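J.: My structure is in target09.csv, and what it holds is CSV, C-alpha atoms:
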```csv
chain,number,residue,atom,x,y,z
A,1,MET,CA,-7.1,-4.1,-1.3
A,2,LEU,CA,-9.2,-5.1,-1.7
A,3,PRO,CA,-8.2,-4.5,-1.5
A,4,ARG,CA,-6.9,-1.2,-1.2
A,5,ARG,CA,-8.8,1.9,-0.3
A,6,ALA,CA,-12.4,1.7,0.8
A,7,TYR,CA,-12.5,5.4,1.8
A,8,LEU,CA,-13.9,4.6,5.2
A,9,PHE,CA,-11.5,7.1,6.8
A,10,LEU,CA,-12.7,6.8,10.4
A,11,LEU,CA,-11.8,3.2,10.2
A,12,PRO,CA,-8.7,3.0,8.1
A,13,LEU,CA,-8.1,-0.7,8.8
A,14,ALA,CA,-11.2,-1.6,6.8
A,15,ALA,CA,-9.6,-0.3,3.7
A,16,ALA,CA,-9.8,-2.2,0.5
A,17,CYS,CA,-10.4,-1.1,-3.1
A,18,ALA,CA,-11.6,1.8,-5.1
A,19,GLY,CA,-15.0,3.2,-6.5
A,20,LYS,CA,-16.9,6.6,-6.6
A,21,THR,CA,-19.7,8.2,-4.7
A,22,ASP,CA,-19.9,10.8,-1.9
A,23,ALA,CA,-23.7,11.0,-1.5
A,24,ALA,CA,-23.5,9.6,2.1
A,25,SER,CA,-20.4,11.3,3.4
A,26,SER,CA,-19.3,13.6,6.2
A,27,PRO,CA,-16.1,15.5,7.3
A,28,ASN,CA,-13.6,13.4,9.2
A,29,PRO,CA,-12.1,15.2,12.2
A,30,LEU,CA,-9.0,13.0,12.2
A,31,GLY,CA,-6.1,12.8,9.9
A,32,SER,CA,-5.9,9.4,8.3
A,33,ALA,CA,-2.8,7.4,7.5
A,34,GLY,CA,-3.2,4.0,5.9
A,35,PHE,CA,-0.5,1.4,4.9
A,36,TRP,CA,-1.3,-1.8,2.9
A,37,ILE,CA,1.0,-4.8,2.4
A,38,LYS,CA,-0.4,-7.8,0.6
A,39,SER,CA,1.5,-11.0,-0.2
A,40,SER,CA,0.6,-13.4,-3.0
A,41,VAL,CA,2.5,-16.8,-2.7
A,42,PRO,CA,0.4,-19.2,-4.8
A,43,ALA,CA,2.0,-22.4,-3.5
A,44,ALA,CA,3.2,-23.4,0.0
A,45,GLY,CA,6.9,-23.8,0.6
A,46,THR,CA,8.0,-22.1,-2.6
A,47,THR,CA,8.6,-18.6,-3.8
A,48,SER,CA,7.7,-19.5,-7.4
A,49,ALA,CA,5.4,-16.8,-8.9
A,50,ALA,CA,5.4,-15.0,-5.6
A,51,SER,CA,4.8,-11.2,-5.4
A,52,PHE,CA,3.5,-8.5,-3.1
A,53,THR,CA,2.0,-5.1,-3.3
A,54,LEU,CA,2.7,-2.0,-1.2
A,55,ASP,CA,0.5,1.0,-0.9
A,56,ALA,CA,0.0,4.0,1.4
A,57,GLU,CA,-2.3,7.0,1.7
A,58,PHE,CA,-2.4,10.1,3.9
A,59,LEU,CA,-5.5,12.3,4.2
A,60,LEU,CA,-5.7,15.6,6.1
A,61,PRO,CA,-8.2,16.2,8.8
A,62,GLY,CA,-11.5,17.3,7.3
A,63,ALA,CA,-11.4,14.8,4.4
A,64,THR,CA,-14.6,13.1,3.6
A,65,SER,CA,-15.6,9.8,5.3
A,66,CYS,CA,-18.2,7.4,4.0
A,67,ALA,CA,-21.3,6.1,5.7
A,68,THR,CA,-21.5,2.3,5.7
A,69,THR,CA,-24.0,-0.4,6.8
A,70,THR,CA,-23.5,-3.8,8.3
A,71,ILE,CA,-25.2,-7.1,7.5
A,72,GLY,CA,-23.9,-10.1,9.6
A,73,ALA,CA,-20.1,-10.1,9.4
A,74,CYS,CA,-20.2,-7.9,6.3
A,75,THR,CA,-19.7,-4.2,5.8
A,76,ILE,CA,-21.4,-2.5,2.8
A,77,ASN,CA,-19.3,0.4,1.6
A,78,PRO,CA,-20.8,2.6,-1.3
A,79,CYS,CA,-17.5,4.6,-1.7
A,80,LEU,CA,-15.0,2.5,-3.6
A,81,SER,CA,-13.1,5.5,-4.8
A,82,PRO,CA,-12.6,9.0,-3.4
A,83,PRO,CA,-15.1,11.8,-3.8
A,84,PRO,CA,-13.6,14.6,-5.8
A,85,SER,CA,-12.2,16.5,-2.8
A,86,VAL,CA,-10.0,13.5,-1.8
A,87,THR,CA,-8.1,13.7,-5.1
A,88,GLY,CA,-7.2,17.3,-4.4
A,89,SER,CA,-6.2,19.3,-1.3
A,90,ASP,CA,-7.2,16.5,1.1
A,91,VAL,CA,-4.3,14.3,0.1
A,92,THR,CA,-0.8,14.8,1.6
A,93,ASN,CA,2.2,12.6,1.9
A,94,ALA,CA,4.8,11.3,4.4
A,95,GLY,CA,7.8,11.0,2.0
A,96,GLN,CA,9.3,7.6,1.3
A,97,VAL,CA,7.4,4.6,2.8
A,98,THR,CA,9.6,1.6,3.4
A,99,ILE,CA,9.0,-2.0,4.5
A,100,VAL,CA,11.6,-4.3,5.8
A,101,THR,CA,11.1,-8.1,6.3
A,102,SER,CA,13.3,-11.1,6.7
A,103,THR,CA,13.5,-11.6,3.0
A,104,THR,CA,13.3,-8.1,1.4
A,105,THR,CA,13.4,-4.3,1.7
A,106,GLU,CA,11.3,-2.2,-0.6
A,107,ALA,CA,10.1,1.4,-0.7
A,108,ILE,CA,7.6,3.6,-2.5
A,109,GLU,CA,7.6,7.4,-3.1
A,110,PRO,CA,4.7,9.8,-3.4
A,111,GLU,CA,3.6,11.2,-6.8
A,112,SER,CA,3.6,14.9,-7.5
A,113,ASP,CA,0.0,15.2,-6.2
A,114,GLY,CA,0.9,13.6,-2.9
A,115,ASP,CA,-0.8,10.3,-3.7
A,116,TYR,CA,1.0,6.9,-3.7
A,117,ALA,CA,0.4,4.5,-6.6
A,118,THR,CA,0.1,0.8,-5.6
A,119,GLN,CA,3.4,-0.9,-6.5
A,120,THR,CA,4.0,-4.6,-7.1
A,121,PHE,CA,7.3,-6.4,-6.3
A,122,ASP,CA,8.3,-9.8,-7.5
A,123,ALA,CA,9.3,-11.4,-4.2
A,124,ALA,CA,7.8,-13.2,-1.2
A,125,PRO,CA,7.8,-10.7,1.7
A,126,TRP,CA,7.2,-13.5,4.2
A,127,MET,CA,6.6,-17.3,4.2
A,128,ALA,CA,4.7,-17.9,7.4
A,129,GLY,CA,2.4,-16.3,9.9
A,130,GLY,CA,3.8,-14.5,12.8
A,131,GLU,CA,6.8,-13.0,11.0
A,132,SER,CA,7.7,-9.4,11.6
A,133,ILE,CA,7.4,-6.5,9.1
A,134,THR,CA,8.8,-3.0,9.9
A,135,VAL,CA,7.0,-0.2,8.2
A,136,ALA,CA,8.7,3.3,8.1
A,137,TRP,CA,7.6,6.7,6.8
A,138,ALA,CA,10.1,9.5,6.2
A,139,HIS,CA,8.3,12.4,7.9
A,140,PHE,CA,5.0,13.1,9.5
A,141,PRO,CA,2.2,13.4,7.0
A,142,GLY,CA,2.2,16.9,5.4
A,143,SER,CA,5.1,18.2,7.5
A,144,THR,CA,8.7,17.7,6.4
A,145,THR,CA,9.9,19.3,9.7
A,146,GLN,CA,8.3,16.7,11.9
A,147,ALA,CA,10.1,13.3,12.1
A,148,GLY,CA,8.5,10.2,10.6
A,149,GLY,CA,8.3,6.9,12.5
A,150,THR,CA,8.2,3.2,12.4
A,151,VAL,CA,5.9,0.4,13.5
A,152,VAL,CA,6.5,-3.4,13.6
A,153,ALA,CA,3.5,-5.4,12.4
A,154,GLU,CA,3.1,-9.2,12.3
A,155,THR,CA,2.0,-11.3,9.3
A,156,PRO,CA,-1.1,-13.4,9.2
A,157,PRO,CA,-1.0,-17.1,8.3
A,158,TYR,CA,-1.4,-18.2,4.7
A,159,VAL,CA,-4.8,-20.0,4.2
A,160,THR,CA,-6.1,-22.4,1.5
A,161,LEU,CA,-9.7,-22.6,0.5
A,162,SER,CA,-11.1,-26.0,1.2
A,163,PRO,CA,-12.5,-28.2,-1.6
A,164,GLY,CA,-16.1,-27.3,-2.2
A,165,SER,CA,-15.7,-23.7,-0.8
A,166,PRO,CA,-16.8,-20.9,-3.1
A,167,PHE,CA,-13.9,-19.9,-5.4
A,168,ALA,CA,-11.8,-22.9,-4.4
A,169,ASP,CA,-12.0,-23.9,-8.0
A,170,PRO,CA,-12.3,-21.5,-11.0
A,171,THR,CA,-15.6,-19.5,-10.9
A,172,GLY,CA,-16.9,-17.2,-13.5
A,173,THR,CA,-20.3,-16.3,-12.1
A,174,LEU,CA,-21.8,-15.8,-8.6
A,175,ASP,CA,-25.5,-16.2,-7.6
A,176,ARG,CA,-26.4,-13.3,-5.3
A,177,THR,CA,-29.6,-15.0,-4.0
A,178,ALA,CA,-28.1,-17.6,-1.8
A,179,ASP,CA,-25.8,-17.5,1.3
A,180,LEU,CA,-22.1,-18.4,0.6
A,181,THR,CA,-20.4,-20.7,3.1
A,182,PHE,CA,-16.6,-20.4,2.9
A,183,SER,CA,-14.2,-22.9,4.5
A,184,TRP,CA,-10.4,-22.8,4.7
A,185,THR,CA,-7.3,-24.3,6.4
A,186,SER,CA,-4.3,-22.4,7.7
A,187,ASP,CA,-0.6,-23.1,7.1
A,188,THR,CA,0.2,-22.1,10.7
A,189,ALA,CA,-2.0,-21.6,13.7
A,190,PRO,CA,-3.9,-18.3,13.5
A,191,ALA,CA,-3.5,-15.8,16.3
A,192,SER,CA,-6.6,-14.3,17.9
A,193,THR,CA,-6.2,-11.2,15.9
A,194,ASP,CA,-6.1,-12.9,12.5
A,195,LEU,CA,-9.0,-12.7,10.1
A,196,LEU,CA,-10.2,-14.2,6.9
A,197,GLY,CA,-11.5,-11.5,4.6
A,198,VAL,CA,-14.0,-12.0,1.7
A,199,TYR,CA,-14.4,-9.0,-0.5
A,200,PHE,CA,-16.6,-8.3,-3.5
A,201,ASP,CA,-16.6,-5.2,-5.7
A,202,SER,CA,-19.4,-4.2,-8.1
A,203,GLY,CA,-19.7,-0.7,-9.6
A,204,SER,CA,-19.4,1.8,-6.7
A,205,THR,CA,-20.1,-0.8,-4.0
A,206,GLN,CA,-17.9,-3.1,-2.0
A,207,VAL,CA,-19.0,-5.9,0.3
A,208,GLY,CA,-16.3,-6.8,2.8
A,209,CYS,CA,-16.8,-9.7,5.2
A,210,ASN,CA,-14.3,-10.6,8.0
A,211,PHE,CA,-14.3,-13.9,9.9
A,212,ASP,CA,-12.1,-15.2,12.7
A,213,ALA,CA,-9.4,-17.1,10.9
A,214,SER,CA,-9.2,-19.8,13.5
A,215,ALA,CA,-12.9,-20.6,12.9
A,216,GLY,CA,-12.2,-22.2,9.5
A,217,THR,CA,-15.6,-21.2,8.2
A,218,GLY,CA,-17.8,-18.2,7.6
A,219,VAL,CA,-21.0,-17.3,5.9
A,220,VAL,CA,-21.6,-14.3,3.6
A,221,PRO,CA,-25.4,-13.6,3.7
A,222,ALA,CA,-27.4,-13.3,0.5
A,223,ALA,CA,-28.7,-10.1,1.9
A,224,ALA,CA,-25.2,-8.6,1.7
A,225,LEU,CA,-24.6,-10.0,-1.8
A,226,GLN,CA,-27.8,-8.4,-3.0
A,227,THR,CA,-26.4,-4.9,-2.3
A,228,LEU,CA,-24.0,-5.5,-5.2
A,229,GLY,CA,-25.2,-4.7,-8.7
A,230,ALA,CA,-25.6,-7.4,-11.3
A,231,GLY,CA,-22.9,-7.7,-13.9
A,232,ALA,CA,-19.1,-7.6,-14.0
A,233,GLY,CA,-17.3,-7.3,-10.7
A,234,SER,CA,-14.4,-8.8,-8.7
A,235,PHE,CA,-13.6,-10.9,-5.7
A,236,ASP,CA,-10.6,-11.0,-3.3
A,237,ILE,CA,-10.2,-13.5,-0.4
A,238,HIS,CA,-7.3,-13.2,1.9
A,239,SER,CA,-6.1,-13.7,5.5
A,240,LYS,CA,-5.4,-10.4,7.3
A,241,ARG,CA,-3.9,-8.9,10.4
A,242,SER,CA,-4.1,-5.2,11.2
A,243,THR,CA,-3.0,-2.8,13.9
A,244,SER,CA,-3.5,0.9,14.6
A,245,GLU,CA,-1.9,3.8,16.4
A,246,THR,CA,-3.0,7.3,17.2
A,247,LEU,CA,-0.4,10.0,16.8
A,248,ALA,CA,-0.3,13.8,17.2
A,249,ALA,CA,0.9,16.2,14.6
A,250,GLY,CA,3.0,19.2,15.4
A,251,ASP,CA,0.0,21.5,14.9
A,252,GLY,CA,-2.0,19.5,17.5
A,253,SER,CA,-4.2,17.6,15.1
A,254,THR,CA,-4.8,13.9,15.8
A,255,TRP,CA,-4.0,11.2,13.2
A,256,SER,CA,-5.2,7.6,13.1
A,257,PHE,CA,-2.6,5.3,11.6
A,258,GLY,CA,-3.7,2.0,10.2
A,259,PHE,CA,-1.4,-0.9,9.2
A,260,ASN,CA,-2.9,-3.7,7.1
A,261,VAL,CA,-1.0,-6.9,6.3
A,262,ASP,CA,-2.8,-9.4,4.0
A,263,ALA,CA,-2.0,-12.7,2.4
A,264,SER,CA,-4.0,-13.9,-0.6
A,265,ALA,CA,-5.8,-17.2,0.0
A,266,ARG,CA,-4.6,-20.2,-2.0
A,267,THR,CA,-6.8,-22.2,-4.4
A,268,SER,CA,-6.5,-25.0,-6.9
A,269,TYR,CA,-5.6,-22.4,-9.6
A,270,GLY,CA,-3.4,-19.9,-7.8
A,271,VAL,CA,-4.8,-17.2,-5.4
A,272,ALA,CA,-8.4,-16.3,-4.7
A,273,ALA,CA,-8.7,-13.0,-6.5
A,274,GLY,CA,-10.0,-12.0,-9.9
A,275,LYS,CA,-13.1,-11.2,-12.0
A,276,VAL,CA,-16.6,-12.5,-11.5
A,277,VAL,CA,-20.0,-11.8,-13.0
A,278,PHE,CA,-22.8,-11.3,-10.4
A,279,ARG,CA,-26.1,-12.9,-11.3
```
Could the structure of this file be written out as structure tokens, please?

T.:
Amino acid sequence: MLPRRAYLFLLPLAAACAGKTDAASSPNPLGSAGFWIKSSVPAAGTTSAASFTLDAEFLLPGATSCATTTIGACTINPCLSPPPSVTGSDVTNAGQVTIVTSTTTEAIEPESDGDYATQTFDAAPWMAGGESITVAWAHFPGSTTQAGGTVVAETPPYVTLSPGSPFADPTGTLDRTADLTFSWTSDTAPASTDLLGVYFDSGSTQVGCNFDASAGTGVVPAAALQTLGAGAGSFDIHSKRSTSETLAAGDGSTWSFGFNVDASARTSYGVAAGKVVFR
């Protein structure tokens, strides 16, 4: 998600959306497995209009990784969609991917090319921070003879953008020449590992800024915004928690597994995600 795939394969937990350029790329020695679960519960205490997305991706060792830069708390990623090789032989699958929460059980299947399409489910997968989610995959990526596995991840708190914060009210345009100071409140106390993510996409570039959720405030520098092209783009603001594991394949290759659990930030008009025009 954002945020879905950012094609930063050496750091699968930073994944977000999609775009296209491979000018600054290099082979990744690790296999990369990424899981993304994102909840959208627009109003506290009710499941009305609630939904969530589930996504997964598995890339063989040698797949292209993307060079990024950092400005303040923000990472600038020029690779919002895979270079051509990623859509071909670099993609593999791990069979059915399933999530189990206290309120729902859902699963996605790979397509014929091994890729997984993002799927949306009309349900609230969790209602508060600190709940458990079990993620399971049927077999090891690319090998139907090696057993799959499970991991238990925890959910981040839901957050609400404070009055006066960017995007707390409907916003159609964004000035890239000034710093943006975001502020928010949390439904439940954030853990030390919880973050507030602010992501902008424009053309082939994504700017992703992550702040300590317990801080309640964070600044996106104008210098980061100016890496985005002028014109139509999108924004996505969400709380997030992630974890990772390193696992070995039967052939001895090493795989980095990243598990991303996000919750869309609440606003006066629903959730903080949509289209915006960069000025």

J.: Please identify all polymer residues within 7 Å of Pro166 of chain A, counting only C-alpha atoms, omitting same-chain residues fewer than 2 positions from it, and present them as a list in words.

T.: Gly164, Ala168, Leu180 and Phe182 of chain A

J.: Those selected residues, please, written with C-alpha atoms and delivered as a PDB file, in the coordinates of the input.

T.:
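Written file, out-v2.pdb:
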```pdb
ATOM      1  CA  GLY A 164     -16.100 -27.300  -2.200  1.00  0.00           C
ATOM      2  CA  ALA A 168     -11.800 -22.900  -4.400  1.00  0.00           C
ATOM      3  CA  LEU A 180     -22.100 -18.400   0.600  1.00  0.00           C
ATOM      4  CA  PHE A 182     -16.600 -20.400   2.900  1.00  0.00           C
TER       5      PHE A 182
END
```

J.: To one decimal place, how far is atom CA of Val198 of chain A from atom CA of Pro156 of chain A in Å?

T.: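 Between atom CA of Val198 of chain A and atom CA of Pro156 of chain A the gap is 15.0 Å.
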
J.: Could you pull the residues within 8 Å of Lys240 of chain A, counting only C-alpha atoms, minus those fewer than 4 positions along the same chain, as a ChimeraX atom specification?

T.: /A:155-156,194-197,260-263

J.: Residues as selected, C-alpha atoms, written as a short mmCIF file (atom, residue, chain, number, x, y, z; two decimals), in the coordinates of the input, can you do that?

T.:
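Generated output (again08.cif):
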```cif
data_model
loop_
_atom_site.label_atom_id
_atom_site.label_comp_id
_atom_site.auth_asym_id
_atom_site.auth_seq_id
_atom_site.Cartn_x
_atom_site.Cartn_y
_atom_site.Cartn_z
CA THR A 155 2.00 -11.30 9.30
CA PRO A 156 -1.10 -13.40 9.20
CA ASP A 194 -6.10 -12.90 12.50
CA LEU A 195 -9.00 -12.70 10.10
CA LEU A 196 -10.20 -14.20 6.90
CA GLY A 197 -11.50 -11.50 4.60
CA ASN A 260 -2.90 -3.70 7.10
CA VAL A 261 -1.00 -6.90 6.30
CA ASP A 262 -2.80 -9.40 4.00
CA ALA A 263 -2.00 -12.70 2.40
#
```

J.: Enumerate, as JSON, numbers by chain, the protein, DNA and RNA residues whose atoms approach (2.7, -13.3, 14.3) to within 6 Å, taking into account all atoms listed in the file and the coordinate frame of the file.

T.: {"A": [129, 130, 131, 154, 155]}

J.: Go through A:Ala224, A:Ala43, A:Leu30, A:Ala50 and flag the residue nearest Ala73 of chain A, using all atoms listed in the file for the distances.

T.: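 The closest residue to Ala73 of chain A is A:Ala224.
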
J.: Would you write out, as a tab-separated table, a table of all residues in segment 151-245 of chain A that have an atom no more than 12 Å from an atom of segment 54-68 of chain A, listing for each the closest atom pair and the distance in Å to one decimal, considering only C-alpha atoms and ordering rows by chain and rising residue number?

T.:
```
residue	atom	partner	partner_atom	distance
A:Thr205	CA	A:Thr68	CA	10.3
A:Gln206	CA	A:Thr68	CA	10.1
A:Val207	CA	A:Thr68	CA	10.1
A:Gly208	CA	A:Thr68	CA	10.9
A:Thr227	CA	A:Thr68	CA	11.8
```

J.: Name all residues at most 10 Å from Ala232 of chain A (count all atoms listed in the file; drop same-chain ones fewer than 4 positions away) and give them as a list in words.

T.: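 Residues near the query, excluding close chain neighbours: Gly172, Thr173, Asp201, Ser202, Gly203, Lys275, Val276, Val277, Phe278 and Arg279 of chain A.
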
J.: Thr181 of chain A: which residues within 8 Å, counting only C-alpha atoms, same-chain residues fewer than 5 positions away excluded, as a PyMOL selection string?

T.: chain A and resi 165-166+217-220

J.: Quick one: residues within 6 Å of (8.2, -3.3, 5.2) (file frame), counting all atoms listed in the file, please, as a count of residues only.

T.: 7

J.: Report, in Å to a single decimal, how far apart atom CA of Ile108 of chain A and atom CA of Ile37 of chain A are.

T.: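 If I compute the distance from atom CA of Ile37 of chain A to atom CA of Ile108 of chain A, I get 11.8 Å.
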
J.: Quick one: residues within 7 Å of Ser40 of chain A, all atoms listed in the file counted, chain neighbours fewer than 2 positions away excluded, as number ranges by chain?

T.: A: 38, 42, 50-52, 263-264

J.: Work out how far atom CA of Val271 of chain A is from atom CA of Asp122 of chain A, in Å to one decimal.

T.: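 Those two atoms sit 15.2 Å apart.
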